[in-house]
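See below for final.cif, which holds mmCIF, N, CA and C atoms.
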```cif
data_final
loop_
_atom_site.label_atom_id
_atom_site.label_comp_id
_atom_site.auth_asym_id
_atom_site.auth_seq_id
_atom_site.Cartn_x
_atom_site.Cartn_y
_atom_site.Cartn_z
N LYS A 14 -16.27 51.22 37.69
CA LYS A 14 -16.46 52.58 37.17
C LYS A 14 -15.95 53.58 38.20
N SER A 15 -15.08 54.48 37.79
CA SER A 15 -14.52 55.43 38.74
C SER A 15 -15.42 56.66 38.88
N ALA A 16 -15.32 57.29 40.04
CA ALA A 16 -16.12 58.48 40.32
C ALA A 16 -15.68 59.65 39.44
N LYS A 17 -16.61 60.47 39.09
CA LYS A 17 -16.33 61.67 38.31
C LYS A 17 -15.89 62.79 39.26
N ASN A 18 -14.98 63.64 38.79
CA ASN A 18 -14.47 64.75 39.59
C ASN A 18 -15.14 66.05 39.18
N VAL A 19 -15.61 66.79 40.18
CA VAL A 19 -16.28 68.07 39.97
C VAL A 19 -15.52 69.14 40.73
N PHE A 20 -15.29 70.27 40.09
CA PHE A 20 -14.68 71.42 40.78
C PHE A 20 -15.72 72.53 40.83
N ILE A 21 -15.86 73.14 42.02
CA ILE A 21 -16.81 74.23 42.22
C ILE A 21 -16.02 75.48 42.58
N THR A 22 -16.26 76.57 41.86
CA THR A 22 -15.44 77.78 42.03
C THR A 22 -15.82 78.64 43.23
N ARG A 23 -16.97 78.40 43.82
CA ARG A 23 -17.40 79.16 45.01
C ARG A 23 -18.22 78.24 45.90
N LYS A 24 -18.33 78.59 47.16
CA LYS A 24 -19.14 77.82 48.10
C LYS A 24 -20.59 77.87 47.64
N ILE A 25 -21.20 76.70 47.56
CA ILE A 25 -22.62 76.61 47.22
C ILE A 25 -23.33 75.94 48.41
N PRO A 26 -24.64 75.96 48.45
CA PRO A 26 -25.35 75.36 49.58
C PRO A 26 -24.95 73.90 49.81
N ASP A 27 -24.82 73.54 51.08
CA ASP A 27 -24.41 72.18 51.44
C ASP A 27 -25.32 71.12 50.84
N ILE A 28 -26.59 71.41 50.70
CA ILE A 28 -27.52 70.43 50.13
C ILE A 28 -27.09 70.02 48.72
N ALA A 29 -26.57 70.96 47.96
CA ALA A 29 -26.12 70.66 46.60
C ALA A 29 -24.84 69.81 46.63
N ILE A 30 -23.93 70.15 47.52
CA ILE A 30 -22.69 69.39 47.65
C ILE A 30 -23.00 67.97 48.12
N ASN A 31 -23.89 67.86 49.08
CA ASN A 31 -24.28 66.54 49.59
C ASN A 31 -24.92 65.69 48.49
N LEU A 32 -25.72 66.30 47.65
CA LEU A 32 -26.34 65.58 46.54
C LEU A 32 -25.28 65.06 45.57
N LEU A 33 -24.29 65.88 45.27
CA LEU A 33 -23.21 65.44 44.39
C LEU A 33 -22.48 64.24 45.00
N HIS A 34 -22.17 64.34 46.30
CA HIS A 34 -21.50 63.21 46.98
C HIS A 34 -22.38 61.97 46.93
N LYS A 35 -23.67 62.13 47.20
CA LYS A 35 -24.61 61.01 47.21
C LYS A 35 -24.65 60.33 45.84
N LYS A 36 -24.50 61.12 44.78
CA LYS A 36 -24.50 60.57 43.42
C LYS A 36 -23.14 59.99 43.02
N GLY A 37 -22.17 60.07 43.93
CA GLY A 37 -20.87 59.44 43.68
C GLY A 37 -19.78 60.34 43.12
N PHE A 38 -20.00 61.64 43.10
CA PHE A 38 -19.00 62.55 42.58
C PHE A 38 -17.94 62.87 43.63
N ASN A 39 -16.69 63.02 43.19
CA ASN A 39 -15.63 63.59 44.03
C ASN A 39 -15.71 65.10 43.84
N VAL A 40 -15.87 65.84 44.92
CA VAL A 40 -16.10 67.28 44.83
C VAL A 40 -14.93 68.04 45.44
N SER A 41 -14.40 69.01 44.70
CA SER A 41 -13.39 69.95 45.19
C SER A 41 -13.99 71.34 45.09
N ILE A 42 -13.71 72.17 46.11
CA ILE A 42 -14.31 73.50 46.16
C ILE A 42 -13.24 74.55 46.45
N HIS A 43 -13.29 75.64 45.72
CA HIS A 43 -12.47 76.81 46.03
C HIS A 43 -13.19 77.54 47.16
N ASN A 44 -12.69 77.41 48.39
CA ASN A 44 -13.40 77.90 49.56
C ASN A 44 -13.09 79.33 49.97
N SER A 45 -12.27 80.02 49.23
CA SER A 45 -11.93 81.40 49.58
C SER A 45 -13.12 82.33 49.34
N ARG A 46 -13.19 83.39 50.11
CA ARG A 46 -14.23 84.41 49.87
C ARG A 46 -13.92 85.20 48.60
N LYS A 47 -12.65 85.21 48.21
CA LYS A 47 -12.23 85.92 47.01
C LYS A 47 -12.45 85.03 45.78
N PRO A 48 -12.77 85.64 44.65
CA PRO A 48 -12.91 84.85 43.42
C PRO A 48 -11.61 84.11 43.11
N ILE A 49 -11.72 82.97 42.49
CA ILE A 49 -10.54 82.21 42.12
C ILE A 49 -9.79 82.95 41.02
N ASP A 50 -8.47 82.98 41.13
CA ASP A 50 -7.69 83.66 40.09
C ASP A 50 -7.56 82.75 38.87
N ARG A 51 -7.25 83.35 37.77
CA ARG A 51 -7.24 82.64 36.48
C ARG A 51 -6.29 81.44 36.48
N ALA A 52 -5.07 81.63 37.00
CA ALA A 52 -4.09 80.54 37.01
C ALA A 52 -4.60 79.37 37.85
N SER A 53 -5.19 79.65 38.98
CA SER A 53 -5.72 78.58 39.83
C SER A 53 -6.89 77.88 39.16
N LEU A 54 -7.75 78.64 38.51
CA LEU A 54 -8.88 78.05 37.79
C LEU A 54 -8.39 77.07 36.74
N LEU A 55 -7.42 77.48 35.96
CA LEU A 55 -6.88 76.60 34.92
C LEU A 55 -6.21 75.37 35.52
N SER A 56 -5.49 75.56 36.60
CA SER A 56 -4.79 74.46 37.26
C SER A 56 -5.76 73.48 37.92
N LYS A 57 -6.72 73.98 38.66
CA LYS A 57 -7.65 73.13 39.43
C LYS A 57 -8.63 72.36 38.54
N THR A 58 -8.83 72.82 37.33
CA THR A 58 -9.81 72.16 36.46
C THR A 58 -9.17 71.30 35.38
N LYS A 59 -7.87 71.14 35.44
CA LYS A 59 -7.17 70.39 34.40
C LYS A 59 -7.67 68.95 34.27
N ASN A 60 -7.97 68.30 35.38
CA ASN A 60 -8.36 66.88 35.32
C ASN A 60 -9.73 66.63 35.91
N VAL A 61 -10.65 67.57 35.73
CA VAL A 61 -12.00 67.36 36.24
C VAL A 61 -12.94 66.98 35.10
N ASP A 62 -14.05 66.37 35.48
CA ASP A 62 -15.05 65.98 34.50
C ASP A 62 -16.14 67.02 34.37
N ALA A 63 -16.29 67.86 35.41
CA ALA A 63 -17.33 68.88 35.40
C ALA A 63 -16.90 70.08 36.22
N LEU A 64 -17.47 71.21 35.89
CA LEU A 64 -17.19 72.47 36.57
C LEU A 64 -18.51 73.14 36.90
N ILE A 65 -18.59 73.63 38.15
CA ILE A 65 -19.73 74.47 38.54
C ILE A 65 -19.11 75.81 38.88
N SER A 66 -19.48 76.83 38.11
CA SER A 66 -18.89 78.16 38.32
C SER A 66 -19.97 79.22 38.36
N LEU A 67 -19.56 80.39 38.78
CA LEU A 67 -20.44 81.55 38.78
C LEU A 67 -20.08 82.44 37.60
N LEU A 68 -20.82 83.47 37.43
CA LEU A 68 -20.57 84.38 36.31
C LEU A 68 -19.28 85.16 36.44
N THR A 69 -18.65 85.11 37.61
CA THR A 69 -17.41 85.87 37.83
C THR A 69 -16.21 85.20 37.16
N GLU A 70 -16.32 83.92 36.81
CA GLU A 70 -15.21 83.23 36.17
C GLU A 70 -15.35 83.32 34.65
N SER A 71 -14.22 83.51 34.01
CA SER A 71 -14.22 83.61 32.56
C SER A 71 -14.01 82.23 31.95
N ILE A 72 -15.08 81.65 31.44
CA ILE A 72 -15.00 80.35 30.76
C ILE A 72 -14.99 80.66 29.27
N ASP A 73 -13.80 80.75 28.74
CA ASP A 73 -13.63 81.19 27.35
C ASP A 73 -12.90 80.13 26.54
N LYS A 74 -12.53 80.50 25.33
CA LYS A 74 -11.85 79.57 24.42
C LYS A 74 -10.57 79.02 25.03
N GLU A 75 -9.76 79.87 25.64
CA GLU A 75 -8.50 79.43 26.27
C GLU A 75 -8.80 78.38 27.33
N PHE A 76 -9.80 78.63 28.17
CA PHE A 76 -10.14 77.68 29.22
C PHE A 76 -10.57 76.34 28.61
N LEU A 77 -11.42 76.37 27.63
CA LEU A 77 -11.94 75.15 27.03
C LEU A 77 -10.87 74.34 26.30
N GLU A 78 -9.83 75.00 25.83
CA GLU A 78 -8.77 74.31 25.08
C GLU A 78 -7.66 73.77 25.98
N THR A 79 -7.68 74.11 27.27
CA THR A 79 -6.61 73.59 28.16
C THR A 79 -7.05 72.37 28.89
#
```

Take the structure I supplied and represent it as C-alpha cells, if you would.
Amino acid sequence: KSAKNVFITRKIPDIAINLLHKKGFNVSIHNSRKPIDRASLLSKTKNVDALISLLTESIDKEFLET
C-alpha cells in the first residue's frame, strides 16, 4: 500500500505535521509567508490525496474539477 500525499497551503504546528508523518502520509507544504497563488495551488494539488488549507484559499468548483 502506497503512502497518501497531503499538501498543506500554510505552515501549521510541527506537532500536526509530525502526526501526519507518523501515520504514513507524504507531506508537502507551501512554506512562504505569502498566500499561495492560484496557479501554484492548482499545480501543487494535482496529484494529492488530501489538502489542508486555510480560509484564504479559494476551494471552488474549478479547483475541485481539476

*Take atom CA of A:Pro48 and atom CA of A:Ile21 and report the distance between them in Å, one decimal.*
11.4 Å

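Taking only C-alpha atoms into account, those protein, DNA and RNA residues with any atom at most 10 Å away from (-14.2, 68.9, 37.9) amount to A:Lys17, A:Asn18, A:Val19, A:Phe20, A:Ile21, A:Thr22, A:Phe38, A:Asn39, A:Val40, A:Ser41, A:Ile42, A:Lys57, A:Thr58, A:Lys59, A:Asn60, A:Val61, A:Asp62, A:Ala63, A:Leu64, A:Ile65.
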
Report the residues of chain A whose backbone DSSP state falls under strand (DSSP E or B), written as a PDB file with N, CA and C atoms, keeping the file's coordinate frame.
```
ATOM      1  N   ASN A  18     -14.980  63.640  38.790  1.00  0.00           N
ATOM      2  CA  ASN A  18     -14.470  64.750  39.590  1.00  0.00           C
ATOM      3  C   ASN A  18     -15.140  66.050  39.180  1.00  0.00           C
ATOM      4  N   VAL A  19     -15.610  66.790  40.180  1.00  0.00           N
ATOM      5  CA  VAL A  19     -16.280  68.070  39.970  1.00  0.00           C
ATOM      6  C   VAL A  19     -15.520  69.140  40.730  1.00  0.00           C
ATOM      7  N   PHE A  20     -15.290  70.270  40.090  1.00  0.00           N
ATOM      8  CA  PHE A  20     -14.680  71.420  40.780  1.00  0.00           C
ATOM      9  C   PHE A  20     -15.720  72.530  40.830  1.00  0.00           C
ATOM     10  N   ILE A  21     -15.860  73.140  42.020  1.00  0.00           N
ATOM     11  CA  ILE A  21     -16.810  74.230  42.220  1.00  0.00           C
ATOM     12  C   ILE A  21     -16.020  75.480  42.580  1.00  0.00           C
ATOM     13  N   ASN A  39     -16.690  63.020  43.190  1.00  0.00           N
ATOM     14  CA  ASN A  39     -15.630  63.590  44.030  1.00  0.00           C
ATOM     15  C   ASN A  39     -15.710  65.100  43.840  1.00  0.00           C
ATOM     16  N   VAL A  40     -15.870  65.840  44.920  1.00  0.00           N
ATOM     17  CA  VAL A  40     -16.100  67.280  44.830  1.00  0.00           C
ATOM     18  C   VAL A  40     -14.930  68.040  45.440  1.00  0.00           C
ATOM     19  N   SER A  41     -14.400  69.010  44.700  1.00  0.00           N
ATOM     20  CA  SER A  41     -13.390  69.950  45.190  1.00  0.00           C
ATOM     21  C   SER A  41     -13.990  71.340  45.090  1.00  0.00           C
ATOM     22  N   ILE A  42     -13.710  72.170  46.110  1.00  0.00           N
ATOM     23  CA  ILE A  42     -14.310  73.500  46.160  1.00  0.00           C
ATOM     24  C   ILE A  42     -13.240  74.550  46.450  1.00  0.00           C
ATOM     25  N   ALA A  63     -16.290  67.860  35.410  1.00  0.00           N
ATOM     26  CA  ALA A  63     -17.330  68.880  35.400  1.00  0.00           C
ATOM     27  C   ALA A  63     -16.900  70.080  36.220  1.00  0.00           C
ATOM     28  N   LEU A  64     -17.470  71.210  35.890  1.00  0.00           N
ATOM     29  CA  LEU A  64     -17.190  72.470  36.570  1.00  0.00           C
ATOM     30  C   LEU A  64     -18.510  73.140  36.900  1.00  0.00           C
ATOM     31  N   ILE A  65     -18.590  73.630  38.150  1.00  0.00           N
ATOM     32  CA  ILE A  65     -19.730  74.470  38.540  1.00  0.00           C
ATOM     33  C   ILE A  65     -19.110  75.810  38.880  1.00  0.00           C
TER      34      ILE A  65
END
```

*Length of the atom N of A:Lys35 to atom CA of A:Thr79 vector [Å]*: 28.0 Å

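One finds atom C of A:Asp27 at 14.2 Å from atom C of A:His43.
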
*For A:Leu55, which of A:Thr69, A:Ile28, A:Leu77, A:Gly37 is the closest residue, counting only C-alpha atoms?*
A:Leu77

*Residues of chain A in helix (DSSP H, G or I), written as a ChimeraX atom specification*: /A:27-35,51-57,74-78

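With distances taken over all atoms listed in the file, A:Arg23 is the one residue among A:Ala16, A:Lys36, A:Arg23, A:Ala29 lying closest to A:Ser66.
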
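Residue nearest A:Phe76 within the list A:Leu32, A:Leu54, A:Pro26, A:Arg46: A:Leu54 [criterion: smallest interatomic distance, only N, CA and C atoms].
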
Using the structure just given, write a file holding N, CA, C and O atoms for stretch 43-63 of chain A, as a PDB file, in the first residue's frame.
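The resulting result_29.pdb:
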```pdb
ATOM      1  N   HIS A  43       3.482  24.505   1.455  1.00  0.00           N
ATOM      2  CA  HIS A  43       3.812  25.810   0.871  1.00  0.00           C
ATOM      3  C   HIS A  43       4.363  26.651   2.019  1.00  0.00           C
ATOM      4  O   HIS A  43       3.614  27.089   2.889  1.00  0.00           O
ATOM      5  N   ASN A  44       5.684  26.826   2.064  1.00  0.00           N
ATOM      6  CA  ASN A  44       6.336  27.447   3.211  1.00  0.00           C
ATOM      7  C   ASN A  44       6.486  28.960   3.150  1.00  0.00           C
ATOM      8  O   ASN A  44       7.057  29.545   4.048  1.00  0.00           O
ATOM      9  N   SER A  45       5.990  29.592   2.121  1.00  0.00           N
ATOM     10  CA  SER A  45       6.113  31.044   2.012  1.00  0.00           C
ATOM     11  C   SER A  45       5.213  31.747   3.025  1.00  0.00           C
ATOM     12  O   SER A  45       4.166  31.225   3.413  1.00  0.00           O
ATOM     13  N   ARG A  46       5.621  32.918   3.445  1.00  0.00           N
ATOM     14  CA  ARG A  46       4.771  33.728   4.326  1.00  0.00           C
ATOM     15  C   ARG A  46       3.577  34.291   3.550  1.00  0.00           C
ATOM     16  O   ARG A  46       2.565  34.643   4.123  1.00  0.00           O
ATOM     17  N   LYS A  47       3.728  34.379   2.233  1.00  0.00           N
ATOM     18  CA  LYS A  47       2.656  34.886   1.378  1.00  0.00           C
ATOM     19  C   LYS A  47       1.689  33.752   1.043  1.00  0.00           C
ATOM     20  O   LYS A  47       2.102  32.604   0.923  1.00  0.00           O
ATOM     21  N   PRO A  48       0.413  34.080   0.889  1.00  0.00           N
ATOM     22  CA  PRO A  48      -0.553  33.048   0.481  1.00  0.00           C
ATOM     23  C   PRO A  48      -0.142  32.439  -0.856  1.00  0.00           C
ATOM     24  O   PRO A  48       0.461  33.100  -1.701  1.00  0.00           O
ATOM     25  N   ILE A  49      -0.476  31.190  -1.049  1.00  0.00           N
ATOM     26  CA  ILE A  49      -0.163  30.524  -2.307  1.00  0.00           C
ATOM     27  C   ILE A  49      -1.020  31.124  -3.417  1.00  0.00           C
ATOM     28  O   ILE A  49      -2.205  31.407  -3.222  1.00  0.00           O
ATOM     29  N   ASP A  50      -0.406  31.343  -4.575  1.00  0.00           N
ATOM     30  CA  ASP A  50      -1.179  31.904  -5.688  1.00  0.00           C
ATOM     31  C   ASP A  50      -2.001  30.792  -6.336  1.00  0.00           C
ATOM     32  O   ASP A  50      -1.739  29.600  -6.170  1.00  0.00           O
ATOM     33  N   ARG A  51      -3.003  31.190  -7.052  1.00  0.00           N
ATOM     34  CA  ARG A  51      -3.979  30.245  -7.617  1.00  0.00           C
ATOM     35  C   ARG A  51      -3.325  29.200  -8.529  1.00  0.00           C
ATOM     36  O   ARG A  51      -3.600  28.007  -8.420  1.00  0.00           O
ATOM     37  N   ALA A  52      -2.428  29.647  -9.418  1.00  0.00           N
ATOM     38  CA  ALA A  52      -1.777  28.717 -10.340  1.00  0.00           C
ATOM     39  C   ALA A  52      -0.960  27.674  -9.578  1.00  0.00           C
ATOM     40  O   ALA A  52      -0.999  26.486  -9.907  1.00  0.00           O
ATOM     41  N   SER A  53      -0.250  28.096  -8.563  1.00  0.00           N
ATOM     42  CA  SER A  53       0.548  27.160  -7.763  1.00  0.00           C
ATOM     43  C   SER A  53      -0.348  26.195  -7.001  1.00  0.00           C
ATOM     44  O   SER A  53      -0.048  25.010  -6.894  1.00  0.00           O
ATOM     45  N   LEU A  54      -1.446  26.701  -6.464  1.00  0.00           N
ATOM     46  CA  LEU A  54      -2.386  25.843  -5.749  1.00  0.00           C
ATOM     47  C   LEU A  54      -2.903  24.738  -6.664  1.00  0.00           C
ATOM     48  O   LEU A  54      -2.905  23.567  -6.302  1.00  0.00           O
ATOM     49  N   LEU A  55      -3.306  25.111  -7.852  1.00  0.00           N
ATOM     50  CA  LEU A  55      -3.819  24.115  -8.801  1.00  0.00           C
ATOM     51  C   LEU A  55      -2.733  23.128  -9.209  1.00  0.00           C
ATOM     52  O   LEU A  55      -2.976  21.925  -9.289  1.00  0.00           O
ATOM     53  N   SER A  56      -1.532  23.620  -9.412  1.00  0.00           N
ATOM     54  CA  SER A  56      -0.411  22.768  -9.818  1.00  0.00           C
ATOM     55  C   SER A  56       0.019  21.824  -8.698  1.00  0.00           C
ATOM     56  O   SER A  56       0.200  20.625  -8.923  1.00  0.00           O
ATOM     57  N   LYS A  57       0.186  22.328  -7.500  1.00  0.00           N
ATOM     58  CA  LYS A  57       0.695  21.541  -6.370  1.00  0.00           C
ATOM     59  C   LYS A  57      -0.302  20.494  -5.868  1.00  0.00           C
ATOM     60  O   LYS A  57       0.088  19.534  -5.218  1.00  0.00           O
ATOM     61  N   THR A  58      -1.566  20.671  -6.168  1.00  0.00           N
ATOM     62  CA  THR A  58      -2.573  19.737  -5.657  1.00  0.00           C
ATOM     63  C   THR A  58      -3.082  18.763  -6.716  1.00  0.00           C
ATOM     64  O   THR A  58      -3.980  17.980  -6.433  1.00  0.00           O
ATOM     65  N   LYS A  59      -2.478  18.790  -7.876  1.00  0.00           N
ATOM     66  CA  LYS A  59      -2.954  17.943  -8.969  1.00  0.00           C
ATOM     67  C   LYS A  59      -2.932  16.453  -8.618  1.00  0.00           C
ATOM     68  O   LYS A  59      -3.833  15.718  -8.981  1.00  0.00           O
ATOM     69  N   ASN A  60      -1.910  15.999  -7.915  1.00  0.00           N
ATOM     70  CA  ASN A  60      -1.780  14.561  -7.635  1.00  0.00           C
ATOM     71  C   ASN A  60      -1.745  14.255  -6.149  1.00  0.00           C
ATOM     72  O   ASN A  60      -1.064  13.328  -5.724  1.00  0.00           O
ATOM     73  N   VAL A  61      -2.476  15.021  -5.357  1.00  0.00           N
ATOM     74  CA  VAL A  61      -2.511  14.744  -3.922  1.00  0.00           C
ATOM     75  C   VAL A  61      -3.809  14.035  -3.552  1.00  0.00           C
ATOM     76  O   VAL A  61      -4.799  14.094  -4.278  1.00  0.00           O
ATOM     77  N   ASP A  62      -3.763  13.370  -2.409  1.00  0.00           N
ATOM     78  CA  ASP A  62      -4.937  12.669  -1.907  1.00  0.00           C
ATOM     79  C   ASP A  62      -5.727  13.521  -0.933  1.00  0.00           C
ATOM     80  O   ASP A  62      -6.919  13.283  -0.718  1.00  0.00           O
ATOM     81  N   ALA A  63      -5.050  14.521  -0.341  1.00  0.00           N
ATOM     82  CA  ALA A  63      -5.711  15.378   0.641  1.00  0.00           C
ATOM     83  C   ALA A  63      -5.088  16.766   0.628  1.00  0.00           C
ATOM     84  O   ALA A  63      -3.932  16.942   0.245  1.00  0.00           O
TER      85      ALA A  63
END
```
